[in-house]
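Peer 1: Here it is, the structure, as structure tokens.
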Amino acid sequence: MEYNFKEIEKKWQNYWKNNSTYKVEINKNKPKYYVLDMFPYPSGAGLHVGHPLGYIASDIFSRYKRLQGFNVLHPMGYDSYGLPAEQYAIQTGQHPAVTTGKNIARYREQLDKIGFCYDWSREVRTCEPNYYKWTQWAFIQMFNSYYDNDQDKAMPISNLILKFHQSGSESVNAVCSSDLSFTASEWNAMSEKEQQNLLMNYRIAYLADTKVNFCPALGCVLANDEISEGLSIRGGHPVEQRVMRQWSLRVSAYAQRLLDGLDRIDWTDSLKETQRNWIGRSEGTEMNFKVKDKLYDLEIFTTRADTIFGVTFMVLAPESEYVSKVTTDAQRAAVDEYLNQVKRRTERERISDRRVSGVFTGAYAINPVTEKEIPIWVSDYVLSGYGTGAIMAVPAHDSRDYAFAKHFKLPIIPVIEGCDVSQESFDAKDGVMANSGFLNGLKVKEAIAATKKYVKEKGIGKVKVNYRLRDAIFSRQRYWGEPFPVYYKEGVPYVLDESKLPLMLPEIENFLPTASGEPPLGHAKNWNTPEGYPYELNTMPGFAGSSAYYLRYMDPHNDEALVSKEADEYWQNVDLYLGGTEHATGHLIYSRFWNKFLFDMGVVCKDEPFHKLINQGMIQGRSNFVYRIKDTDTFVSYNLKEKYEVTPIHVDVNIVSNDILDIEKFKNWSPDYKSAEFILEDGKYVCGWAVEKMSKSMFNVVNPDDIVDRYGADTLRFYEMFLGPLEQSKPWDTNGIDGVLRFLKKLWGLFYTRESLCLSDEEPTKDELKSLHKLIKKVTYDIENFSFNTSVAAFMICVNELSSLKCNKKKILDPLTIILTPFAPHIAEELYHTLGHNTTVCDAQWPDYDEQYLKEDLKKYAISFNGKVKFSIEFPADMDKDEVEKQVMANEQTVKIMDGNPTKKIIVVPGKIVNIVF
RNA sequence: GCCUUGGUGGUGGAAUUGGUAGACACGCAGGACUUAAAAUCCUGUGAUCAUUGCGAUCGUGCGGGUUCAAGUCCCGCCCGAGGUACCA
């Protein structure tokens, strides 16, 4: 009987569906395990063969854990708000909800074919009101919270109001947008509006004028992680800087906790390092420099307080509020001209153009330590958002300051002994101080500490920790996103009462901004509260819906809470999270922040959402090329192309097999090639190839549906794992897949002869048991270590061995079938039933291996001379070192190789190798 | 520039603590079965030399080092991929 994957896969997919095999409920008698895939954005292109890689891996792990006796939560859903559907709506008038629905249906159809064990009853879609209700709910909680530094957690804003009422700002140690100081009576005298505006400085979700990345082509603000090299990731449009009134989330308040949390989670070092860099903690000093002839100070931030004697000028960011204050009348025109010039430049221009630019303000500052006068400049190499937006420039020891000083011919004073700054600055943080007054002779580290102490004592500054991590801008001038549960009363924002949620996204017909430049929601009719107060016109960004979806899966239909106490306490957090590295600085930061906030609220019991995280590598495409001889209609085969002048042309990989072109299909592929002619080698047209990104334009996209159709889902699953280590990027090459199908056929052949089933109840032999237990040991180890590719090889070896042993014993095939289940569930289920079981193999028990079957009686020793292996001998496994040595030395071949030379040394590694040095 | 990765046959890759490099597949070559093809099965397959057999030498990006022994450890380079970018 033949292995008929089509029939088998259909049969068991129906069985699993009809029996709700993958439905999971809280079961306190079993330990829980939560396996999560990063949910996809359902794009119009559907899945290609690269997408399921991580899903297959997590599916294997889920099934394995279930076989081990865990109650496994393994859900799936869709990140279904987003730009592409809306862009498509603008172009075609098709409502984003319609396109999104269609794309989801297509994704589901593709996913179902692969045989995943998702509990689809828990599916979430971020664009559905019963889901985004809880996104809006979380926003309201953030609006109603502030970050208390003393308690190091988010607290209700009502606490803060009470404190202000009683004792003003003095009793409060909270994270705040600006330095505020007021008394209780001042607070109590404020109008409602004034109080609300003041509270905005404290709220975790707050409204403020922010410098944003605005993309005119998309008509929308973008987050830093939605931009690459000054272009939007979606669409590649230029991005510019603008100041806009935006909602933001005070992620920066959590910077230290986000950093500390990394030490407690099981992520790769590389990913942790990326997040550490993104958070960018730096310990430094804030120092005040007096401005000459003025009553105020300039506040700067530096991590190199030790170089204070090397400061030769100051630089302000163009956006700094100090600029207009310090600029002298004589320099005002020049400064204004420079500011205009900077404003006009887009983000992209600033990145690509690294020329030094700047202007002198005419003002001087006074070095608080040396009392020397130094000029104050403005330049865009100083960032307004970092530190105080002002720096002390030490050209001798900072390459940016150095370039600036050279360009404007400003003095450079080295303050580290023996360094040469004639060609470049000396940035390294080591050496001994010189030219530095009381710091002379100290090492850099000591000097930093000494300066900090000095500055503190003299009251000219304070020790300060700075983070690069910024607050997340949370408004998007878009339609297809969560509406804010916010309305405005006399321009002051208020959040809706929780009972009014969800605030439903209204229907509109035109998805473009309004004539007055307002976001698309400006077109919505009656977009206001029943009392007539207008609702917020912006919507939330993509990361809003994806920041807590893992919690919703625990309790997806709960109408009373994001997640019930019971569900949260049972499922706790994600044990294993699988997804791409591209979310390192976006989703994976936002989620951690969001979760920590909910933890502070007491909504969730774990402060880190994802315990272990694995990044699957990207599947690259493998493109094929044909070579057209220039100015002709003739194509020349790969190995003959050097003789001609040729143009390589991408050809659809689906009409190429093992790099041999199907000429007929090629002629029909495009009308241009109808009359093409070919120069062949050995009667074949051989194509060239290259590894590139998998994309339509390269004609190298392989659809999993086609693979499932031709080879079956089990073969696809096995082959994706066989391609290489999960975490590594690797090209997809359909060519190797035959080997996997052959393996499954061979496995089938252990059960069936050509005509019929042939199983035996006989007791297995020693060799058969050894083969099986070797496999159980290897596969168990490999799955625990996410080394699925080597498991596949182990399966092949075992089946090859059992085939040559002609093994058809149930006692071997039964456990084999069970450990096969995670990888190839359909064939495993079929064979499991064939073996006489009538319940699903998913609920079988993972077999343990038994060391006694793995013991070897004989060990093969490699016999080497001066490190070079010459031959091998088998000895009993329990033979001791001395005996091995004796036997080896007595060996005829040894004597021959030694040729009478005296031995210097003999090393015997038990069970492995003998090395004779002479 | 910085951070993170990776570099092993024609290809994808294996080698868990330093212990016979190239497992397992693909591809290729030869053979069996077949009227023929497909499918299947068997044999060979790192390179060079030798080939009558034994073999010999070189081989894990490059150059050094540690060690009885290095793909694996240490030092210094080169190249590819991904991320990040004036973060003071």
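Residue numbering restarts at 1 for every chain of the structure tokens, chains are lettered A, B, ... in their displayed order, and ligands are numbered from 1 as they appear.
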Excluding range 132-134 of chain A and any residue of its chain fewer than 5 positions from it, enumerate the residues within 9 Å of it, using only C-alpha atoms (C1' of nucleotides), and give them as a list in words.

Peer 2: Arg125, Thr126, Cys127, Phe139, Glu482, Pro483, Leu501, Pro502, Leu503, Met504, Gly545, Ala548, Arg552, Ala561 and Leu562 of chain A

Peer 1: Taking only C-alpha atoms (C1' of nucleotides) into account, find every residue of chain B that has an atom no more than 9 Å from chain A, and write it out as a VMD selection string.

Peer 2: chain B and resid 3 to 6 12 to 14 19 to 20 23 to 27 68 to 69 81 to 88

Peer 1: Can you list, as a list in words, every residue of range 386-498 of chain A that DSSP puts in strand (DSSP E or B)?

Peer 2: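 Strand (DSSP E or B) assignments inside range 386-498 of chain A correspond to Ala390, Ile391, Met392, Ala393, Ile416, Val432, Met433, Lys443, Gly461, Lys462, Val463, Lys464, Val465, Asn466, Tyr467, Ala472, Ile473, Arg476, Pro483, Val486, Tyr487, Tyr488, Lys489, Val492, Pro493, Tyr494 and Val495 of chain A.
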
Peer 1: Could you take the residues named above and write them with N, CA and C atoms, as a CSV table (one decimal), in the first residue's frame?

Peer 2:
chain,number,residue,atom,x,y,z
A,390,ALA,N,22.3,70.4,25.3
A,390,ALA,CA,23.4,71.3,25.3
A,390,ALA,C,24.6,70.5,25.8
A,391,ILE,N,25.8,70.8,25.2
A,391,ILE,CA,27.0,70.0,25.6
A,391,ILE,C,28.1,71.0,25.8
A,392,MET,N,29.1,70.4,26.6
A,392,MET,CA,30.4,71.1,26.7
A,392,MET,C,31.3,70.3,25.7
A,393,ALA,N,31.9,71.1,24.8
A,393,ALA,CA,32.6,70.4,23.7
A,393,ALA,C,34.1,70.3,24.2
A,416,ILE,N,44.8,64.4,28.3
A,416,ILE,CA,45.3,63.1,28.7
A,416,ILE,C,46.8,63.0,28.3
A,432,VAL,N,46.1,59.0,31.7
A,432,VAL,CA,46.3,59.8,32.9
A,432,VAL,C,46.1,61.2,32.6
A,433,MET,N,45.4,62.0,33.5
A,433,MET,CA,45.0,63.3,33.2
A,433,MET,C,46.2,64.3,33.2
A,443,LYS,N,43.9,58.8,37.0
A,443,LYS,CA,43.4,58.0,35.8
A,443,LYS,C,42.0,58.5,35.4
A,461,GLY,N,26.5,71.3,39.9
A,461,GLY,CA,25.9,70.2,39.1
A,461,GLY,C,25.6,69.0,39.9
A,462,LYS,N,25.1,68.0,39.2
A,462,LYS,CA,24.7,66.8,40.0
A,462,LYS,C,24.9,65.5,39.1
A,463,VAL,N,25.0,64.4,39.8
A,463,VAL,CA,25.2,63.1,39.1
A,463,VAL,C,23.9,62.8,38.5
A,464,LYS,N,23.9,62.3,37.2
A,464,LYS,CA,22.6,62.1,36.5
A,464,LYS,C,22.7,60.8,35.6
A,465,VAL,N,21.7,60.0,35.6
A,465,VAL,CA,21.7,58.9,34.7
A,465,VAL,C,20.7,59.3,33.5
A,466,ASN,N,21.2,59.1,32.3
A,466,ASN,CA,20.4,59.4,31.1
A,466,ASN,C,20.1,58.2,30.3
A,467,TYR,N,19.0,58.2,29.7
A,467,TYR,CA,18.6,57.0,28.8
A,467,TYR,C,18.3,57.5,27.4
A,472,ALA,N,7.1,56.7,23.7
A,472,ALA,CA,6.6,56.2,22.5
A,472,ALA,C,5.5,57.2,22.0
A,473,ILE,N,5.6,57.7,20.8
A,473,ILE,CA,4.6,58.5,20.3
A,473,ILE,C,3.4,57.6,19.8
A,476,ARG,N,-1.6,58.4,15.6
A,476,ARG,CA,-1.4,58.2,14.1
A,476,ARG,C,-2.5,58.9,13.4
A,483,PRO,N,-9.6,53.7,17.9
A,483,PRO,CA,-9.9,55.1,18.3
A,483,PRO,C,-9.5,55.3,19.7
A,486,VAL,N,-11.1,59.1,24.0
A,486,VAL,CA,-10.8,60.5,24.5
A,486,VAL,C,-11.8,61.5,23.9
A,487,TYR,N,-12.3,62.4,24.7
A,487,TYR,CA,-13.0,63.5,24.1
A,487,TYR,C,-12.5,64.8,24.7
A,488,TYR,N,-12.8,65.9,24.0
A,488,TYR,CA,-12.2,67.2,24.4
A,488,TYR,C,-13.3,68.2,24.9
A,489,LYS,N,-13.0,68.8,26.0
A,489,LYS,CA,-13.9,69.7,26.6
A,489,LYS,C,-13.1,71.0,26.7
A,492,VAL,N,-9.5,70.6,26.4
A,492,VAL,CA,-8.9,69.7,27.4
A,492,VAL,C,-9.3,68.3,27.2
A,493,PRO,N,-8.4,67.4,27.1
A,493,PRO,CA,-8.7,66.0,26.9
A,493,PRO,C,-9.2,65.3,28.1
A,494,TYR,N,-10.3,64.5,28.0
A,494,TYR,CA,-10.8,63.7,29.1
A,494,TYR,C,-11.0,62.3,28.5
A,495,VAL,N,-10.8,61.2,29.4
A,495,VAL,CA,-11.0,59.9,28.9
A,495,VAL,C,-12.4,59.5,29.2

Peer 1: Please report, as a ChimeraX atom specification, each residue of range 550-670 of chain A to which DSSP assigns alpha helix (DSSP H) when run on this structure's backbone.

Peer 2: /A:550-552,565-571,587-601,663-669

Peer 1: Taking N, CA and C atoms for each residue, export the selection above as a compact mmCIF listing (two decimals), in the first residue's frame.

Peer 2:
# COMPACT_ATOMS: atom_id res chain seq x y z
N TYR A 550 -0.94 38.59 24.08
CA TYR A 550 -0.65 37.30 24.73
C TYR A 550 -1.48 37.11 25.98
N LEU A 551 -1.89 38.23 26.61
CA LEU A 551 -2.74 38.12 27.80
C LEU A 551 -4.17 37.77 27.41
N ARG A 552 -4.60 38.34 26.30
CA ARG A 552 -5.98 38.14 25.88
C ARG A 552 -6.23 36.69 25.48
N LYS A 565 -8.54 37.02 36.75
CA LYS A 565 -7.53 36.65 37.75
C LYS A 565 -7.17 35.17 37.63
N GLU A 566 -8.22 34.36 37.49
CA GLU A 566 -8.02 32.92 37.45
C GLU A 566 -7.15 32.53 36.25
N ALA A 567 -7.49 33.05 35.09
CA ALA A 567 -6.73 32.71 33.89
C ALA A 567 -5.30 33.23 33.99
N ASP A 568 -5.14 34.44 34.50
CA ASP A 568 -3.80 35.01 34.61
C ASP A 568 -2.95 34.20 35.58
N GLU A 569 -3.56 33.80 36.69
CA GLU A 569 -2.78 33.05 37.67
C GLU A 569 -2.43 31.65 37.19
N TYR A 570 -3.29 31.10 36.35
CA TYR A 570 -2.97 29.77 35.82
C TYR A 570 -1.92 29.84 34.71
N TRP A 571 -2.16 30.69 33.71
CA TRP A 571 -1.25 30.72 32.55
C TRP A 571 -0.02 31.59 32.77
N HIS A 587 8.06 46.08 19.10
CA HIS A 587 7.12 45.25 19.83
C HIS A 587 7.68 44.69 21.15
N LEU A 588 8.90 44.20 21.12
CA LEU A 588 9.43 43.54 22.31
C LEU A 588 9.78 44.52 23.43
N ILE A 589 9.93 45.80 23.12
CA ILE A 589 10.09 46.81 24.16
C ILE A 589 8.71 47.27 24.63
N TYR A 590 7.85 47.58 23.66
CA TYR A 590 6.53 48.08 24.01
C TYR A 590 5.75 47.06 24.87
N SER A 591 5.80 45.79 24.48
CA SER A 591 5.09 44.76 25.22
C SER A 591 5.59 44.65 26.65
N ARG A 592 6.90 44.72 26.78
CA ARG A 592 7.48 44.61 28.12
C ARG A 592 7.05 45.80 28.96
N PHE A 593 7.06 46.97 28.35
CA PHE A 593 6.59 48.18 29.04
C PHE A 593 5.12 48.02 29.45
N TRP A 594 4.30 47.65 28.51
CA TRP A 594 2.84 47.53 28.71
C TRP A 594 2.56 46.54 29.83
N ASN A 595 3.28 45.41 29.76
CA ASN A 595 3.09 44.37 30.76
C ASN A 595 3.51 44.84 32.16
N LYS A 596 4.61 45.58 32.20
CA LYS A 596 5.08 46.09 33.50
C LYS A 596 4.07 47.07 34.09
N PHE A 597 3.48 47.86 33.20
CA PHE A 597 2.45 48.78 33.66
C PHE A 597 1.27 47.99 34.24
N LEU A 598 0.82 46.98 33.52
CA LEU A 598 -0.30 46.17 34.01
C LEU A 598 0.07 45.44 35.31
N PHE A 599 1.34 45.09 35.41
CA PHE A 599 1.84 44.48 36.64
C PHE A 599 1.71 45.47 37.81
N ASP A 600 2.10 46.70 37.56
CA ASP A 600 1.98 47.74 38.59
C ASP A 600 0.52 47.92 39.01
N MET A 601 -0.37 47.78 38.04
CA MET A 601 -1.80 47.93 38.29
C MET A 601 -2.37 46.74 39.06
N ILE A 663 11.67 24.34 -20.66
CA ILE A 663 11.66 25.29 -21.78
C ILE A 663 10.24 25.61 -22.25
N GLU A 664 9.39 24.59 -22.28
CA GLU A 664 8.02 24.83 -22.74
C GLU A 664 7.31 25.81 -21.79
N LYS A 665 7.44 25.55 -20.50
CA LYS A 665 6.81 26.43 -19.53
C LYS A 665 7.38 27.84 -19.62
N PHE A 666 8.67 27.90 -19.89
CA PHE A 666 9.31 29.21 -20.00
C PHE A 666 8.71 30.01 -21.16
N LYS A 667 8.50 29.33 -22.28
CA LYS A 667 7.93 30.00 -23.46
C LYS A 667 6.53 30.52 -23.16
N ASN A 668 5.80 29.79 -22.33
CA ASN A 668 4.44 30.20 -22.00
C ASN A 668 4.38 31.17 -20.82
N TRP A 669 5.54 31.35 -20.18
CA TRP A 669 5.58 32.16 -18.96
C TRP A 669 5.23 33.62 -19.25

Peer 1: From the options A:Met155, A:Val686, A:Ala205, A:Ile819, which residue's atoms come nearest to Arg66 in chain A, counting only C-alpha atoms?

Peer 2: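 Counting only C-alpha atoms, the residue closest to Arg66 in chain A is A:Ile819.
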
Peer 1: State, in Å with one decimal place, the distance from CA of Gly93 in chain A to CA of Phe511 in chain A.

Peer 2: 8.2 Å

Peer 1: Find the residues near range 35-49 of chain A: any atom within 7 Å, counting only C-alpha atoms (C1' of nucleotides), skip ones fewer than 2 places away on the same chain, and give them as a ChimeraX atom specification.

Peer 2: /A:33,51-52,55,58,62,73-80,100,103-104,106-107,574-579,701-704

Peer 1: For His611 in chain A, which residue among A:Gln166, A:Asp662, A:Asn573, A:Phe543 is the nearest when counting only C-alpha atoms?

Peer 2: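 With only C-alpha atoms as the atom set, the closest residue is A:Asn573.
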
Peer 1: Find the spatial neighbours of range 47-63 of chain B, counting only C-alpha atoms (C1' of nucleotides), within a cut-off of 8 Å - ignore same-chain residues fewer than 6 positions away - and output them as JSON, numbers by chain.

Peer 2: {"B": [7, 8, 21, 71, 76, 77, 78, 79]}

Peer 1: Could you tell me how far CA of Glu319 in chain A lies from CA of Ser248 in chain A, in Å and to one decimal?

Peer 2: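 According to the coordinates, CA of Glu319 in chain A and CA of Ser248 in chain A are separated by 19.5 Å.
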